[in-house]
Amino acid sequence: MKDFFKTVLAVIVGFLILNIIASILFMMMFAAMAALGSSKTVLPREGVLDLDMSKFTLSEQTNTETFDLTALQSFNTEMTPSLGILDAVNALEIAAEDPAIKYVFIRADGMSAGMAGLEELRKALVDFRASGKPVVAFTDGLSTGSFYLASAADKVYMNADQGAGGMLLGISGRMMFLKDLLDKFGVNVQLIRHGKYKSAGEMYIRNSASEANMEQNQVMITSIWKSFSAEMAASRGMDEEKLNALIDDLALVLPKDYKEAGLVDDLLNRQQLIDKLCELAGIADEKDLHLVPMMDYVEVKVPPTLPTGKNLVAVIYAEGNIVDGNENKDIAGDRFARIVAKVRKDKNVKAVVLRVNSPGGSVLASAKIKSELDLLKAEKPLVASYGDYAASGGYWISNGCEKIYTDATTLTGSIGVFAMIPDLSKTLKDVAHVNITPVNSNKHSDMMMLMRPLDADEQAYMQASIEDVYSNFVRIVSEGRSLTPEHVDSVAQGRVWTGADALGIGLVDEIGTLQDAISYAASLAGYEAETEYKVIGYPRPLTMMEQVMESINGKQDDGLTAALRGTAFEGIADAVKSLKANEPAKAYALMPYSIEIVK
């Protein structure tokens, strides 16, 4: 027995020692990674601004301190930094006036970006060309996203050695329906909603799209593609009809097809590309060709948006789902309300832009944030700028701003509300073979225990609550946009609109970029020139250590989602994760889906 205890003690001590060593090694590796990124960047005396889209994620805010636990576990220490759209646009503006930058070289393959971000970056590239400096693009194979960006260039070149020219196919959204799967497990989702277009919970109660849901999705896809195709066709000097015909007929297969169609200017191998880049830079030897990475240029040339100084215009980034609580990620209601209050109380901040990139979420959290924004608006100019999404809760918090700028491809509106109450009685009885017997003090005490379906009175009780929230939503929009409740209700019903279509029905004021919104907000504060004010960003991006702590605290994907991430079944995992995240009977103002372009 004495030897047994010695053995157990040795195992425990050994386990503790191994954990200590592992922790030390992890922190050493973490420190080494941080040290690698701490060296001072030095730009060459002259060069070409290299916009290699595979080297960063185009997002709302710049953050070079990125942490990816999954990548680290696979011993990949090359973390992809995030480049904020405002910093990217500012960098191109500076480069247009910088004699050290000869031109911009776009490599659009392998991009990670949303539709609205690409729209704003493309506009900045077009503005750069107006300075008289050229923009050239090179691709190994075009996709919708890469061609949309590359088509802003004076010249588009494709790899002559590539076997195929890529796949330019247009854009496509997807809707997923889980009723058949949930039926297998005995899960009955009871959806309480207002609005025939409010389809956020439809995936759990149907096995195909409703007529209204299919209608709004088709209108959205058509509108987004219209915005993309019009710009792409115009930049290449062709009719939209011809571009669509080439795509519909699957006429673009080989690199030569793209050249013959006029979508690219020439086919080059790698050496020919280098020669072309040297020629444009006015140098004879390729050793003198200096490609300046976009992230390096931003680091050196673009001032950080830190909350310092006077005469400030603040940009508050509302990015992610709107959730309750104080979490560091997403738009946590209590935390975000405190950020808005802090900006309101800062006497150095003279005007504010609310940058929304959110599909919505919790009604309670949205109401808290809206309340603080109303207080801010009473004291300072408040302007909204919309990114990829400003829908449902995202529209709830922002519709009262003095002016709303949106990108044409932004998804907005979705003025509706829903609640979901899963009934797990069949799951327990038929799948798990567990029987539940409730013991209640009152007739409906167990209605939220998820162990039985709601009866008619309980359905009506829940519907009355949802109707009240919807009526409040319509009232808020009516007051915020100076529209009649009847008009708001007619364009609401949970329907999602693109920014281009929202303009025509009064939900937004102007198609414009984040920079446009900042300039307008500054003008409301009395500033006429950009040199009269500084731009600061809230909240600050999480540091790498804070991201590490988030991972340690388990705020990463669960096992199912992590296992399916990057596969064809990723959407199923996300849908199940969303069902688990939605609290029973809680009111949500949330857009039901995302639309991504083929990168």
# chains A, B, ... in the order shown; residues from 1 in each chain; ligands from 1
$ select_by_dssp --residues "segment 176-249 of chain A" --states "helix (DSSP H, G or I)" --output "MDAnalysis selection string"
chainID A and resid 179:184 202:205 211:235 240:248
$ residues_around --residues "Met167 of chain A" --least-positions-apart "5" --cutoff "8 Å" --atoms "only C-alpha atoms" --output "ChimeraX atom specification"
/A:141-144,252-253
$ closest_residue --among "A:Asn207, A:Gln190, A:Gln459, A:Ser523" --to "Pro584 of chain A" --atoms "only C-alpha atoms"
A:Gln190
$ residues_around --residues "segment 320-326 of chain A" --least-positions-apart "6" --cutoff "12 Å" --atoms "only C-alpha atoms" --output "ChimeraX atom specification"
/A:59-60,332-339,355-370,387-397,578,581-583,586-592
$ atom_distance --atom1 "atom CA of Ala91 of chain A" --atom2 "atom CA of Gly114 of chain A"
19.1 Å
$ closest_residue --among "A:Val343, A:Leu277, A:Val42, A:Ala150" --to "Glu119 of chain A" --atoms "only C-alpha atoms"
A:Ala150
$ residues_around --residues "Asn472 of chain A" --least-positions-apart "4" --cutoff "12 Å" --atoms "only C-alpha atoms" --output "count of residues only"
18
$ residues_around --residues "Val292 of chain A" --least-positions-apart "2" --cutoff "10 Å" --atoms "only C-alpha atoms" --output "PyMOL selection string"
chain A and resi 42-44+46-52+101+104-105+289-290+294-297
$ write_last_selection --atoms "C-alpha atoms" --output "mmCIF file, in the first residue's frame"
data_model
loop_
_atom_site.group_PDB
_atom_site.id
_atom_site.type_symbol
_atom_site.label_atom_id
_atom_site.label_comp_id
_atom_site.auth_asym_id
_atom_site.auth_seq_id
_atom_site.Cartn_x
_atom_site.Cartn_y
_atom_site.Cartn_z
ATOM 1 C CA VAL A 42 11.692 50.381 -42.740
ATOM 2 C CA LEU A 43 10.319 51.183 -46.188
ATOM 3 C CA PRO A 44 12.551 51.326 -49.292
ATOM 4 C CA GLU A 46 10.996 53.973 -53.641
ATOM 5 C CA GLY A 47 8.885 51.037 -54.675
ATOM 6 C CA VAL A 48 5.541 49.568 -55.699
ATOM 7 C CA LEU A 49 2.669 49.283 -53.234
ATOM 8 C CA ASP A 50 1.922 45.559 -53.109
ATOM 9 C CA LEU A 51 -1.778 44.914 -52.402
ATOM 10 C CA ASP A 52 -1.504 41.144 -51.871
ATOM 11 C CA ILE A 101 5.222 54.904 -54.580
ATOM 12 C CA VAL A 104 -0.208 49.851 -57.016
ATOM 13 C CA PHE A 105 0.146 46.150 -57.787
ATOM 14 C CA LEU A 289 12.200 46.287 -57.917
ATOM 15 C CA HIS A 290 10.926 46.808 -54.382
ATOM 16 C CA MET A 294 0.405 46.937 -47.826
ATOM 17 C CA MET A 295 0.577 46.085 -44.105
ATOM 18 C CA ASP A 296 4.090 47.571 -43.864
ATOM 19 C CA TYR A 297 2.991 50.738 -45.630
#
